[in-house]
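Student: See target.cif below, with mmCIF, C-alpha atoms.
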data_final
loop_
_atom_site.label_atom_id
_atom_site.label_comp_id
_atom_site.auth_asym_id
_atom_site.auth_seq_id
_atom_site.Cartn_x
_atom_site.Cartn_y
_atom_site.Cartn_z
CA MET A 1 79.97 66.85 122.35
CA PRO A 2 79.58 63.14 121.52
CA SER A 3 76.44 62.18 119.64
CA THR A 4 76.63 58.50 120.51
CA THR A 5 75.63 56.90 123.77
CA GLU A 6 78.86 55.04 124.35
CA HIS A 7 79.42 56.63 127.77
CA LEU A 8 76.06 55.48 129.04
CA VAL A 9 76.55 51.74 128.53
CA SER A 10 78.92 49.29 130.12
CA PRO A 11 81.58 47.47 128.04
CA LYS A 12 80.04 44.08 128.89
CA LYS A 13 76.69 45.11 127.54
CA GLN A 14 78.33 46.43 124.36
CA GLN A 15 80.10 43.10 123.82
CA ALA A 16 76.92 41.16 124.47
CA SER A 17 75.02 43.19 121.93
CA GLU A 18 77.53 42.17 119.26
CA GLN A 19 77.48 38.44 120.05
CA GLN A 20 73.81 37.64 120.81
CA PRO A 21 71.22 36.83 118.13
CA ASN A 22 68.95 39.56 116.78
CA MET A 23 66.12 38.87 119.19
CA GLU A 24 68.38 39.07 122.21
CA ALA A 25 70.01 42.18 120.74
CA LEU A 26 66.62 43.85 120.63
CA ASP A 27 66.08 43.01 124.27
CA ILE A 28 69.50 44.42 125.09
CA ASN A 29 68.68 47.61 123.17
CA VAL A 30 65.49 47.96 125.17
CA ASP A 31 67.42 47.42 128.37
CA PHE A 32 70.03 49.93 127.24
CA ASN A 33 67.40 52.54 126.42
CA ASN A 34 65.81 52.00 129.80
CA GLU A 35 69.19 52.33 131.46
CA LYS A 36 69.90 55.51 129.55
CA ASN A 37 66.53 56.98 130.45
CA VAL A 38 67.04 56.12 134.09
CA LEU A 39 70.45 57.81 134.07
CA CYS A 40 69.06 60.91 132.31
CA GLU A 41 66.27 61.11 134.86
CA LYS A 42 68.80 60.91 137.68
CA ILE A 43 70.86 63.74 136.18
CA ILE A 44 67.73 65.88 135.72
CA ARG A 45 66.76 65.21 139.35
CA ASP A 46 70.24 66.26 140.47
CA ILE A 47 69.95 69.52 138.53
CA ASN A 48 66.48 70.13 139.95
CA ALA A 49 67.82 69.50 143.45
CA VAL A 50 70.36 72.28 142.93
CA PHE A 51 67.58 74.66 141.89
CA LEU A 52 65.62 73.79 145.02
CA LYS A 53 68.63 74.06 147.31
CA ASP A 54 70.32 77.21 145.96
CA ALA A 55 68.07 80.22 145.52
CA ASP A 56 71.01 82.39 144.43
CA LEU A 57 72.29 80.54 141.36
CA SER A 58 74.12 83.03 139.18
CA SER A 59 75.69 81.12 136.29
CA PHE A 60 75.54 77.91 134.25
CA GLU A 61 78.24 76.33 132.11
CA ILE A 62 78.78 73.18 130.07
CA ILE A 63 82.02 71.67 131.41
CA GLN A 64 84.10 70.05 128.70
CA LYS A 65 84.59 66.43 129.78
CA GLU A 66 84.33 63.61 127.26
CA THR A 67 84.19 60.58 129.57
CA ASN A 68 82.05 59.41 132.46
CA CYS A 69 84.03 59.10 135.69
CA ASN A 70 81.28 57.17 137.55
CA LYS A 71 80.18 60.21 139.50
CA SER A 72 77.45 62.76 139.10
CA PRO A 73 78.09 65.04 136.08
CA VAL A 74 76.24 67.86 137.86
CA VAL A 75 78.68 70.31 139.46
CA HIS A 76 77.51 72.90 141.99
CA VAL A 77 80.07 75.31 143.45
CA GLU A 78 79.37 78.65 145.11
CA HIS A 79 76.11 79.48 143.33
CA ASN A 80 77.50 78.24 140.01
CA LEU A 81 75.98 75.25 138.21
CA GLY A 82 77.82 73.09 135.69
CA LEU A 83 77.03 70.02 133.58
CA GLU A 84 79.70 67.78 132.08
CA SER A 85 79.57 67.72 128.30
CA TRP A 86 79.58 63.93 127.86
CA CYS A 87 75.96 63.69 128.99
CA ALA A 88 74.58 67.06 127.88
CA GLN A 89 73.30 65.86 124.50
CA HIS A 90 71.62 62.78 125.97
CA VAL A 91 69.99 64.70 128.81
CA TYR A 92 68.76 67.36 126.40
CA ASP A 93 67.32 64.75 124.01
CA HIS A 94 65.50 63.05 126.88
CA ALA A 95 64.05 66.34 128.16
CA HIS A 96 63.16 67.37 124.61
CA ARG A 97 61.22 64.14 123.96
CA THR A 98 59.34 64.51 127.23
CA LEU A 99 58.36 68.11 126.54
CA ILE A 100 57.32 67.48 122.93
CA SER A 101 55.20 64.57 124.13
CA HIS A 102 53.52 66.97 126.54
CA ARG A 103 52.82 69.45 123.75
CA ARG A 104 51.14 66.74 121.68
CA GLN A 105 48.57 66.04 124.35
CA SER A 106 45.07 67.32 123.79
CA LEU A 107 44.08 70.66 125.29
CA GLN A 108 41.89 68.96 127.90
CA GLN A 109 44.76 66.72 128.98
CA GLN A 110 47.02 69.74 129.31
CA MET A 111 44.47 71.54 131.44
CA ARG A 112 44.11 68.56 133.75
CA THR A 113 47.89 68.29 134.04
CA LEU A 114 48.36 71.97 134.83
CA GLN A 115 45.83 71.74 137.62
CA GLN A 116 48.17 69.50 139.54
CA GLN A 117 51.13 71.26 141.14
CA GLN A 118 53.15 68.06 141.24
CA GLN A 119 52.85 67.59 137.48
CA SER A 120 53.77 71.25 136.93
CA ASP A 121 56.92 70.84 139.02
CA ALA A 122 57.86 67.78 136.99
CA LEU A 123 57.36 69.69 133.76
CA ALA A 124 59.43 72.64 135.04
CA LYS A 125 62.48 70.48 135.77
CA TYR A 126 62.56 69.27 132.15
CA LEU A 127 62.16 72.85 130.94
CA ASN A 128 65.05 73.96 133.14
CA VAL A 129 67.43 71.42 131.66
CA ALA A 130 66.30 71.83 128.06
CA LEU A 131 66.51 75.63 128.07
CA LEU A 132 69.83 75.78 129.89
CA ILE A 133 71.37 73.54 127.24
CA ASN A 134 69.50 75.05 124.26
CA PRO A 135 67.64 78.30 125.02
CA ASP A 136 66.62 78.94 121.40
CA VAL A 137 63.50 76.75 121.41
CA THR A 138 60.57 79.16 121.43
CA THR A 139 58.09 76.37 122.20
CA PHE A 140 59.69 75.68 125.56
CA TRP A 141 59.53 79.36 126.55
CA HIS A 142 55.83 79.33 125.65
CA ILE A 143 55.29 76.38 127.98
CA ARG A 144 56.93 78.39 130.77
CA ARG A 145 54.59 81.28 129.98
CA GLN A 146 51.61 78.95 130.33
CA LEU A 147 52.87 77.78 133.72
CA VAL A 148 53.37 81.38 134.86
CA GLN A 149 49.85 82.31 133.75
CA LYS A 150 48.51 79.38 135.79
CA ASN A 151 50.52 80.58 138.82
CA ARG A 152 52.60 77.40 138.75
CA LEU A 153 55.88 79.32 138.43
CA SER A 154 56.95 82.34 140.43
CA ILE A 155 57.77 85.49 138.45
CA ASN A 156 60.78 86.23 140.65
CA LYS A 157 62.09 82.71 140.16
CA GLU A 158 61.56 83.01 136.43
CA LEU A 159 63.53 86.25 136.31
CA GLN A 160 66.35 84.45 138.09
CA PHE A 161 66.14 81.51 135.67
CA SER A 162 66.26 83.72 132.56
CA ALA A 163 69.31 85.49 134.01
CA LEU A 164 70.89 82.06 134.49
CA VAL A 165 70.22 81.28 130.81
CA LEU A 166 71.87 84.56 129.81
CA SER A 167 74.96 83.59 131.80
CA ILE A 168 75.66 80.79 129.31
CA LYS A 169 74.11 82.37 126.20
CA PRO A 170 74.38 86.18 126.44
CA LYS A 171 72.80 86.64 122.99
CA SER A 172 69.59 84.76 123.77
CA ASN A 173 66.82 86.88 122.32
CA GLU A 174 64.24 84.47 123.76
CA ALA A 175 65.53 85.03 127.29
CA PHE A 176 65.44 88.82 126.95
CA ALA A 177 61.95 88.69 125.42
CA TYR A 178 60.81 86.44 128.26
CA ARG A 179 62.07 88.96 130.83
CA ARG A 180 60.14 91.77 129.15
CA TRP A 181 57.03 89.58 129.16
CA LEU A 182 57.45 88.85 132.87
CA TYR A 183 57.80 92.55 133.65
CA SER A 184 54.44 93.21 131.98
CA PHE A 185 52.86 91.77 135.14
CA GLN A 186 54.63 94.25 137.41
CA SER A 187 54.41 98.00 137.87
CA ALA A 188 57.41 100.07 136.83
CA ASP A 189 57.99 101.18 140.42
CA ALA A 190 58.39 97.57 141.58
CA ILE A 191 61.06 96.67 139.01
CA ASP A 192 64.75 96.71 139.89
CA TRP A 193 65.87 98.64 136.82
CA PRO A 194 69.56 98.99 137.87
CA ASN A 195 69.77 95.20 138.15
CA GLU A 196 68.30 94.89 134.66
CA ILE A 197 70.96 97.27 133.35
CA SER A 198 73.63 95.14 135.06
CA ILE A 199 72.33 92.00 133.33
CA CYS A 200 72.47 93.78 129.96
CA GLU A 201 76.00 95.00 130.66
CA ARG A 202 77.26 91.55 131.68
CA SER A 203 75.76 90.04 128.54
CA ALA A 204 77.31 92.73 126.33
CA ASP A 205 80.62 92.36 128.15
CA ARG A 206 80.73 88.61 127.45
CA CYS A 207 79.68 88.82 123.81
CA ALA A 208 80.69 91.65 121.46
CA CYS A 209 78.10 93.41 119.29
CA ASN A 210 75.29 91.88 121.34
CA TYR A 211 72.32 93.38 119.53
CA HIS A 212 69.73 91.72 121.78
CA ALA A 213 71.38 92.94 125.00
CA TRP A 214 71.63 96.53 123.77
CA SER A 215 68.05 96.48 122.45
CA HIS A 216 66.85 95.25 125.83
CA ARG A 217 68.85 98.03 127.46
CA GLN A 218 67.10 100.57 125.25
CA TRP A 219 63.78 99.15 126.45
CA VAL A 220 64.93 99.58 130.05
CA LEU A 221 65.97 103.19 129.40
CA GLN A 222 62.63 103.93 127.76
CA ASN A 223 60.81 102.70 130.86
CA ALA A 224 63.22 104.07 133.46
CA PRO A 225 64.43 107.55 132.44
CA CYS A 226 65.67 108.01 136.01
CA LEU A 227 68.74 106.04 134.90
CA LEU A 228 69.89 108.68 132.41
CA GLN A 229 72.66 110.11 134.58
CA SER A 230 74.11 106.72 135.52
CA GLU A 231 73.83 105.50 131.91
CA LEU A 232 75.88 108.43 130.65
CA MET A 233 78.67 107.42 133.04
CA ARG A 234 78.41 103.65 132.53
CA THR A 235 78.40 103.84 128.74
CA GLU A 236 81.60 105.88 128.69
CA LYS A 237 83.32 103.28 130.89
CA PHE A 238 82.11 100.52 128.57
CA ILE A 239 83.32 102.38 125.48
CA ARG A 240 86.77 102.87 126.97
CA LYS A 241 86.95 99.14 127.71
CA HIS A 242 85.42 97.81 124.46
CA ILE A 243 86.90 100.18 121.93
CA SER A 244 85.66 98.31 118.83
CA ASP A 245 82.13 97.42 119.91
CA TYR A 246 80.09 99.95 117.94
CA SER A 247 76.85 98.76 119.57
CA SER A 248 77.91 100.57 122.75
CA TYR A 249 78.61 103.77 120.81
CA HIS A 250 75.20 103.59 119.18
CA TYR A 251 73.51 103.03 122.53
CA ARG A 252 75.27 106.09 123.92
CA GLN A 253 73.82 108.10 121.03
CA VAL A 254 70.39 106.79 122.03
CA VAL A 255 70.99 107.85 125.65
CA LEU A 256 72.00 111.35 124.51
CA SER A 257 68.91 111.72 122.32
CA ARG A 258 66.72 110.48 125.16
CA ALA A 259 68.29 112.98 127.56
CA TYR A 260 67.62 115.86 125.17
CA GLU A 261 64.10 114.62 124.48
CA LEU A 262 63.33 114.78 128.21
CA CYS A 263 65.06 118.16 128.73
CA PHE A 264 67.53 116.46 131.02
CA TYR A 265 70.51 118.30 132.48
CA MET A 266 72.58 118.12 135.63
CA PRO A 267 71.93 121.19 137.80
CA SER A 268 74.96 122.94 139.24
CA SER A 269 75.34 124.62 142.60
CA GLY A 270 77.21 127.73 141.55
CA GLN A 271 79.14 129.75 138.99
CA THR A 272 82.29 127.67 139.23
CA ASP A 273 80.40 124.46 138.69
CA ASP A 274 78.72 125.90 135.60
CA GLN A 275 82.08 126.66 134.08
CA THR A 276 83.41 123.18 134.86
CA GLN A 277 80.26 121.50 133.61
CA LEU A 278 80.63 122.96 130.11
CA ASP A 279 84.40 122.64 129.75
CA ASP A 280 84.14 120.17 126.86
CA LEU A 281 82.00 122.60 124.90
CA ARG A 282 84.51 125.37 125.51
CA GLU A 283 87.31 123.11 124.26
CA LEU A 284 85.25 122.41 121.16
CA PHE A 285 84.99 126.16 120.53
CA ALA A 286 88.78 126.38 120.83
CA HIS A 287 89.14 123.53 118.33
CA TYR A 288 87.08 125.54 115.86
CA ASP A 289 89.21 128.67 116.49
CA LEU A 290 86.50 130.57 118.32
CA ARG A 291 87.19 133.01 121.18
CA TRP A 292 86.07 130.59 123.85
CA SER A 293 87.89 132.37 126.71
CA GLU A 294 85.29 135.14 126.66
CA LEU A 295 82.44 132.65 127.13
CA SER A 296 82.36 132.84 130.89
CA ASP A 297 78.67 132.01 131.36
CA GLU A 298 75.87 130.03 129.79
CA GLU A 299 74.22 133.07 128.24
CA ALA A 300 77.32 133.89 126.20
CA MET A 301 77.49 130.31 124.97
CA VAL A 302 73.85 130.39 123.94
CA GLN A 303 74.51 133.60 122.00
CA LEU A 304 77.35 131.91 120.12
CA LEU A 305 75.51 128.67 119.38
CA LEU A 306 72.07 130.26 118.78
CA PRO A 307 72.52 133.89 117.67
CA ASP A 308 69.34 135.98 117.42
CA LEU A 309 67.28 133.11 118.80
CA ASN A 310 63.58 133.81 119.35
CA ARG A 311 63.30 133.07 123.07
CA SER A 312 59.52 133.34 123.25
CA SER A 313 58.91 129.69 122.30
CA ILE A 314 61.96 128.16 124.01
CA SER A 315 61.92 127.40 127.72
CA ALA A 316 64.91 127.99 129.96
CA GLN A 317 64.96 124.29 130.78
CA ARG A 318 65.21 123.44 127.07
CA LEU A 319 68.17 125.78 126.64
CA ARG A 320 69.99 124.35 129.66
CA SER A 321 69.37 120.83 128.37
CA PHE A 322 70.61 121.94 124.95
CA LEU A 323 73.90 123.18 126.42
CA TYR A 324 74.28 120.13 128.64
CA CYS A 325 73.69 117.64 125.81
CA CYS A 326 75.90 119.56 123.39
CA ASN A 327 78.63 119.44 126.04
CA ILE A 328 78.28 115.64 126.21
CA ALA A 329 78.47 115.43 122.42
CA ALA A 330 81.59 117.63 122.48
CA HIS A 331 83.04 115.38 125.17
CA ASP A 332 82.46 112.34 122.95
CA MET A 333 84.10 114.04 119.98
CA ARG A 334 87.19 114.66 122.11
CA LEU A 335 87.03 111.10 123.46
CA CYS A 336 87.09 109.69 119.92
CA VAL A 337 90.15 111.77 119.08
CA GLU A 338 91.90 110.53 122.24
CA GLN A 339 90.97 106.92 121.49
CA ARG A 340 92.30 107.24 117.96
CA ALA A 341 95.60 108.62 119.28
CA LEU A 342 95.89 105.66 121.67
CA TYR A 343 94.72 102.78 119.48
CA GLY A 344 95.05 104.04 115.93
CA PRO A 345 92.32 104.69 113.35
CA ARG A 346 89.14 102.65 113.74
CA ASP A 347 85.78 103.01 112.04
CA CYS A 348 83.89 103.16 115.34
CA PHE A 349 85.87 106.24 116.45
CA GLU A 350 85.13 108.09 113.24
CA LEU A 351 81.47 107.05 113.12
CA HIS A 352 80.78 108.10 116.69
CA ARG A 353 82.58 111.43 116.25
CA ARG A 354 80.42 112.12 113.21
CA ALA A 355 77.26 111.17 115.10
CA SER A 356 78.18 113.55 117.93
CA LEU A 357 78.92 116.36 115.48
CA LYS A 358 75.64 115.68 113.70
CA PHE A 359 73.75 115.96 116.99
CA ILE A 360 75.20 119.41 117.74
CA VAL A 361 74.62 120.78 114.25
CA GLU A 362 71.10 119.40 113.96
CA GLN A 363 69.96 120.74 117.32
CA CYS A 364 71.36 124.18 116.52
CA VAL A 365 69.47 124.23 113.23
CA ARG A 366 66.28 122.95 114.83
CA LEU A 367 66.23 125.69 117.44
CA MET A 368 67.29 128.43 115.02
CA THR A 369 64.64 127.52 112.44
CA GLY A 370 61.87 127.04 115.01
CA LEU A 371 61.33 123.36 114.20
CA ALA A 372 61.77 122.33 117.82
CA ASN A 373 59.26 124.79 119.32
CA GLY A 374 60.78 124.12 122.68
CA VAL A 375 60.14 120.37 122.43
CA TYR A 376 62.43 117.72 120.98
CA LEU A 377 60.58 115.55 118.48
CA PRO A 378 62.49 112.61 117.00
CA GLN A 379 62.06 112.16 113.26
CA ALA A 380 59.42 109.47 113.58
CA SER A 381 58.29 109.51 109.95
CA ALA A 382 59.78 109.89 106.49
CA THR A 383 57.84 113.13 106.03
CA GLN A 384 59.38 114.71 109.13
CA SER A 385 62.82 113.59 108.05
CA LEU A 386 62.39 115.09 104.59
CA GLU A 387 61.12 118.34 106.11
CA PHE A 388 64.18 118.65 108.30
CA GLN A 389 66.54 117.79 105.45
CA SER A 390 64.90 120.57 103.45
CA GLN A 391 65.59 123.00 106.31
CA LEU A 392 69.24 121.89 106.41
CA ARG A 393 69.62 122.53 102.67
CA LYS A 394 68.16 126.02 102.98
CA PHE A 395 70.03 126.95 106.16
CA ASP A 396 72.57 129.77 105.72
CA TYR A 397 75.66 128.46 107.51
CA ALA A 398 77.65 131.58 106.60
CA SER A 399 75.41 133.73 108.83
CA HIS A 400 75.96 131.45 111.83
CA PRO A 401 79.38 132.07 113.51
CA PHE A 402 79.68 128.71 115.20
CA LEU A 403 78.39 126.53 112.37
CA SER A 404 80.42 128.53 109.85
CA ALA A 405 83.55 127.72 111.85
CA VAL A 406 82.51 124.06 112.05
CA ARG A 407 82.01 123.96 108.29
CA ARG A 408 85.44 125.51 107.68
CA VAL A 409 87.45 123.24 110.01
CA GLU A 410 85.64 120.02 109.11
CA SER A 411 86.53 120.58 105.45
CA GLU A 412 90.17 119.88 106.35
CA LEU A 413 89.47 116.23 107.25
CA GLY A 414 89.54 114.89 103.72
CA ASP A 415 87.28 114.22 100.75
CA LYS A 416 85.50 111.27 102.34
CA HIS A 417 84.51 113.34 105.35
CA GLN A 418 83.41 116.20 103.11
CA ARG A 419 81.10 113.84 101.22
CA TRP A 420 79.59 112.70 104.54
CA CYS A 421 79.07 116.33 105.62
CA ASN A 422 77.39 117.14 102.31
CA LEU A 423 75.10 114.10 102.57
CA HIS A 424 74.02 114.45 106.21
CA LEU A 425 74.59 118.11 107.10
CA HIS A 426 74.33 119.75 103.64
CA PHE A 427 77.47 121.81 104.17
CA GLY A 428 77.70 122.37 100.42
CA TYR A 429 81.37 121.53 99.87
CA GLU A 430 82.43 121.51 96.25
CA GLU A 431 83.33 118.03 95.09
CA ARG A 432 86.86 117.66 93.82
CA ARG A 433 87.27 116.11 90.42
CA VAL A 434 90.20 113.76 89.88
#
Translate this structure into structure tokens?
Tutor:
Amino acid sequence: MPSTTEHLVSPKKQQASEQQPNMEALDINVDFNNEKNVLCEKIIRDINAVFLKDADLSSFEIIQKETNCNKSPVVHVEHNLGLESWCAQHVYDHAHRTLISHRRQSLQQQMRTLQQQQQSDALAKYLNVALLINPDVTTFWHIRRQLVQKNRLSINKELQFSALVLSIKPKSNEAFAYRRWLYSFQSADAIDWPNEISICERSADRCACNYHAWSHRQWVLQNAPCLLQSELMRTEKFIRKHISDYSSYHYRQVVLSRAYELCFYMPSSGQTDDQTQLDDLRELFAHYDLRWSELSDEEAMVQLLLPDLNRSSISAQRLRSFLYCCNIAAHDMRLCVEQRALYGPRDCFELHRRASLKFIVEQCVRLMTGLANGVYLPQASATQSLEFQSQLRKFDYASHPFLSAVRRVESELGDKHQRWCNLHLHFGYEERRV
């Protein structure tokens, strides 16, 4: 993007500025600055006109074009807004100066300005341009918050604007934070949570390892647990498409933990559906050389995973959720093996398989040792984490048929994997000395 203003001045005026005396050159510079400001104002008005005309704008882009073709650099096609790159820096600088000048006014002057809707509209059009070109300026987002608090900007319009910002900068933490702030004025029932998930997914799809998008998606899931079922399906589709984006794998682990925390499971309508629903868990038993063919119902599977379990403190819903979530974890372990066979070894496949295995082992130990007490409690503190690690170290894997088989088969995956199992699951493998 050019940093000079050569495209905003005519060749004649450039030549004159070189030939005239200093005093006349100063006058020409003043004229040039006025001409540039006038042009920037016109471009900002054109952009604002698009906002007023099209209530369904969905994306914004900077169009690479280095020269002015004597036509408007603002492009509006089918709910998509574009700005040619030759003027973007100049327009941004002009909007930036105007907004900073506003911030330097006294508090009383600001209050008088905000009381006038016309002045607020004028301020908003500069904010629109500045944040579309550079959405990382926290000060400008704060000005928008002030306008919202004074009822000068509509919350729905602001949600649309922040989504427009995310279309050009999917990793904008400021835009995601602004959306969360806007939602603080609305009840959870009034929020379109599926649309919010779609915005997160589009942002993550456009930019790999998008920490801010996935963090915002976790916030959505925390506030809208009704999305658990759809999130389990959508995350698998995303993982199959973005095989190396570990952020999506980690988010799926969060979804699984959230499902177990809330005792979530998908109810089935009959015996056949029960068998189909837990097929991945049965295949996992086969992988560990267990007699899975005899496990025809849920009760038999509970007996294998949780032998001699004290049922008095565990609800039936917790046990069904336990089986359902373990089946998802088993499904993910198989998925990682399939992905590795298709695409070759990758760290994300191995890390997610380990995380899924860790979930199954830990939940078995929690229920067997009575730590869960029928309720899933995440390890929120260092003390709780140390307490659970102590239980893992003392747990007798040899007396547990399923975990004993897991310990035996997992030992065949190499020294590195054995060290991980010793560190996180306390399987007690003997370290090999070279």
Student: Evaluating the PyMOL selection byres ((chain A and resi 91-93) around 9) on the displayed file yields which residues, as an MDAnalysis selection string?
Tutor: chainID A and resid 37 39:41 43:44 87:90 94:98 126 129:131 133:134
Student: When you draw a straight line from CA of Phe359 in chain A to CA of Pro345 in chain A, how long is it in Å?
Tutor: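 Separation between CA of Phe359 in chain A and CA of Pro345 in chain A: 22.0 Å.
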Student: To one decimal place, how far is CA of Asp289 in chain A from CA of Leu309 in chain A in Å?
Tutor: 22.5 Å
Student: Taking only C-alpha atoms into account, name the residue in A:Asn223, A:Ser248, A:Ser59, A:Ser321 that is nearest to Ala204 in chain A.
Tutor: A:Ser248
Student: As an exercise, work out the distance from CA of Ser172 in chain A to CA of Cys209 in chain A in Å and give it to one decimal place.
Tutor: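 So the two atoms, CA of Ser172 in chain A and CA of Cys209 in chain A, lie 12.9 Å apart.
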Student: Tell me which of A:Thr235, A:Ser101, A:Gln384, A:Gln418 sits closest to Asp332 in chain A, counting all atoms listed in the file.
Tutor: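 For Asp332 in chain A, the nearest of the candidates is A:Thr235.
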Student: Looking at all atoms listed in the file, which of A:Glu261, A:Gln105, A:Asp205, A:Phe51 is the one that sits closest to Gln160 in chain A?
Tutor: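 With all atoms listed in the file as the atom set, the closest residue is A:Phe51.
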Student: Hey, what comes out of the PyMOL selection byres ((chain A and resi 197) around 10) on this file? Could you write it as a PyMOL selection string?
Tutor: chain A and resi 192-196+198-203+213-214+216-218+220-221+227+231+234
Student: Hey, can you spit out that residue selection with C-alpha atoms as a PDB file, in the frame of the given file?
Tutor:
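For reference, result-v6.pdb as written:
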ATOM      1  CA  ASP A 192      64.750  96.710 139.890  1.00  0.00           C
ATOM      2  CA  TRP A 193      65.870  98.640 136.820  1.00  0.00           C
ATOM      3  CA  PRO A 194      69.560  98.990 137.870  1.00  0.00           C
ATOM      4  CA  ASN A 195      69.770  95.200 138.150  1.00  0.00           C
ATOM      5  CA  GLU A 196      68.300  94.890 134.660  1.00  0.00           C
ATOM      6  CA  SER A 198      73.630  95.140 135.060  1.00  0.00           C
ATOM      7  CA  ILE A 199      72.330  92.000 133.330  1.00  0.00           C
ATOM      8  CA  CYS A 200      72.470  93.780 129.960  1.00  0.00           C
ATOM      9  CA  GLU A 201      76.000  95.000 130.660  1.00  0.00           C
ATOM     10  CA  ARG A 202      77.260  91.550 131.680  1.00  0.00           C
ATOM     11  CA  SER A 203      75.760  90.040 128.540  1.00  0.00           C
ATOM     12  CA  ALA A 213      71.380  92.940 125.000  1.00  0.00           C
ATOM     13  CA  TRP A 214      71.630  96.530 123.770  1.00  0.00           C
ATOM     14  CA  HIS A 216      66.850  95.250 125.830  1.00  0.00           C
ATOM     15  CA  ARG A 217      68.850  98.030 127.460  1.00  0.00           C
ATOM     16  CA  GLN A 218      67.100 100.570 125.250  1.00  0.00           C
ATOM     17  CA  VAL A 220      64.930  99.580 130.050  1.00  0.00           C
ATOM     18  CA  LEU A 221      65.970 103.190 129.400  1.00  0.00           C
ATOM     19  CA  LEU A 227      68.740 106.040 134.900  1.00  0.00           C
ATOM     20  CA  GLU A 231      73.830 105.500 131.910  1.00  0.00           C
ATOM     21  CA  ARG A 234      78.410 103.650 132.530  1.00  0.00           C
TER      22      ARG A 234
END
Student: Would you give the centre and edge lengths, in Å to one decimal, of a box along x, y and z around the listed atoms of range 185-192 of chain A, with 3 Å added to each side, as lines of an AutoDock Vina configuration file?
Tutor:
center_x = 58.8
center_y = 96.5
center_z = 138.4
size_x = 17.9
size_y = 15.4
size_z = 12.4
Student: Point out the residue among A:Lys42, A:His426, A:His287, A:Arg144 with the least atom-to-atom distance to Lys394 in chain A, counting only C-alpha atoms.
Tutor: A:His426
Student: Taking all atoms listed in the file into account, name the residue in A:Ile314, A:Leu357, A:Leu425, A:Leu306 that is nearest to His400 in chain A.
Tutor: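 For His400 in chain A, the nearest of the candidates is A:Leu306.
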Student: Name the residues in contact with Cys69 in chain A at a cut-off of 12 Å, using all atoms listed in the file, excluding same-chain residues fewer than 2 positions from it; report them as a list in words.
Tutor: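 Residues near the query, excluding close chain neighbours: His7, Leu8, Lys65, Glu66, Thr67, Lys71, Ser72, Pro73, Val74, Glu84, Trp86 and Cys87 of chain A.
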Student: Given all atoms listed in the file as the basis, pick out the residue of A:Ala341, A:Cys226, A:Val406, A:Ile62 nearest to Arg258 in chain A.
Tutor: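 Smallest distance to Arg258 in chain A is found for A:Cys226.
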Student: Write out as a PyMOL selection string each polymer residue whose atoms come within 9 Å of Phe264 in chain A, counting only C-alpha atoms; drop sequence neighbours fewer than 4 positions from it.
Tutor: chain A and resi 228-229+258-260+317-318+320-322+324-325
Student: Keeping only C-alpha atoms, write those residues as a PDB file, keeping the file's coordinate frame.
Tutor:
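See out38.pdb below for the written result:
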ATOM      1  CA  LEU A 228      69.890 108.680 132.410  1.00  0.00           C
ATOM      2  CA  GLN A 229      72.660 110.110 134.580  1.00  0.00           C
ATOM      3  CA  ARG A 258      66.720 110.480 125.160  1.00  0.00           C
ATOM      4  CA  ALA A 259      68.290 112.980 127.560  1.00  0.00           C
ATOM      5  CA  TYR A 260      67.620 115.860 125.170  1.00  0.00           C
ATOM      6  CA  GLN A 317      64.960 124.290 130.780  1.00  0.00           C
ATOM      7  CA  ARG A 318      65.210 123.440 127.070  1.00  0.00           C
ATOM      8  CA  ARG A 320      69.990 124.350 129.660  1.00  0.00           C
ATOM      9  CA  SER A 321      69.370 120.830 128.370  1.00  0.00           C
ATOM     10  CA  PHE A 322      70.610 121.940 124.950  1.00  0.00           C
ATOM     11  CA  TYR A 324      74.280 120.130 128.640  1.00  0.00           C
ATOM     12  CA  CYS A 325      73.690 117.640 125.810  1.00  0.00           C
TER      13      CYS A 325
END
Student: Name all residues at most 12 Å from Leu319 in chain A (count all atoms listed in the file; drop same-chain ones fewer than 2 positions away) and give them as a compact mmCIF listing (two decimals) with C-alpha atoms, keeping the file's coordinate frame.
Tutor:
# COMPACT_ATOMS: atom_id res chain seq x y z
CA TYR A 260 67.62 115.86 125.17
CA CYS A 263 65.06 118.16 128.73
CA PHE A 264 67.53 116.46 131.02
CA TYR A 265 70.51 118.30 132.48
CA GLU A 298 75.87 130.03 129.79
CA GLU A 299 74.22 133.07 128.24
CA MET A 301 77.49 130.31 124.97
CA VAL A 302 73.85 130.39 123.94
CA GLN A 303 74.51 133.60 122.00
CA LEU A 305 75.51 128.67 119.38
CA LEU A 306 72.07 130.26 118.78
CA LEU A 309 67.28 133.11 118.80
CA ASN A 310 63.58 133.81 119.35
CA ARG A 311 63.30 133.07 123.07
CA SER A 312 59.52 133.34 123.25
CA SER A 313 58.91 129.69 122.30
CA ILE A 314 61.96 128.16 124.01
CA SER A 315 61.92 127.40 127.72
CA ALA A 316 64.91 127.99 129.96
CA GLN A 317 64.96 124.29 130.78
CA SER A 321 69.37 120.83 128.37
CA PHE A 322 70.61 121.94 124.95
CA LEU A 323 73.90 123.18 126.42
CA TYR A 324 74.28 120.13 128.64
CA CYS A 325 73.69 117.64 125.81
CA CYS A 326 75.90 119.56 123.39
CA GLN A 363 69.96 120.74 117.32
CA CYS A 364 71.36 124.18 116.52
CA LEU A 367 66.23 125.69 117.44
CA MET A 368 67.29 128.43 115.02
CA ALA A 372 61.77 122.33 117.82
CA ASN A 373 59.26 124.79 119.32
CA GLY A 374 60.78 124.12 122.68
CA VAL A 375 60.14 120.37 122.43
CA TYR A 376 62.43 117.72 120.98
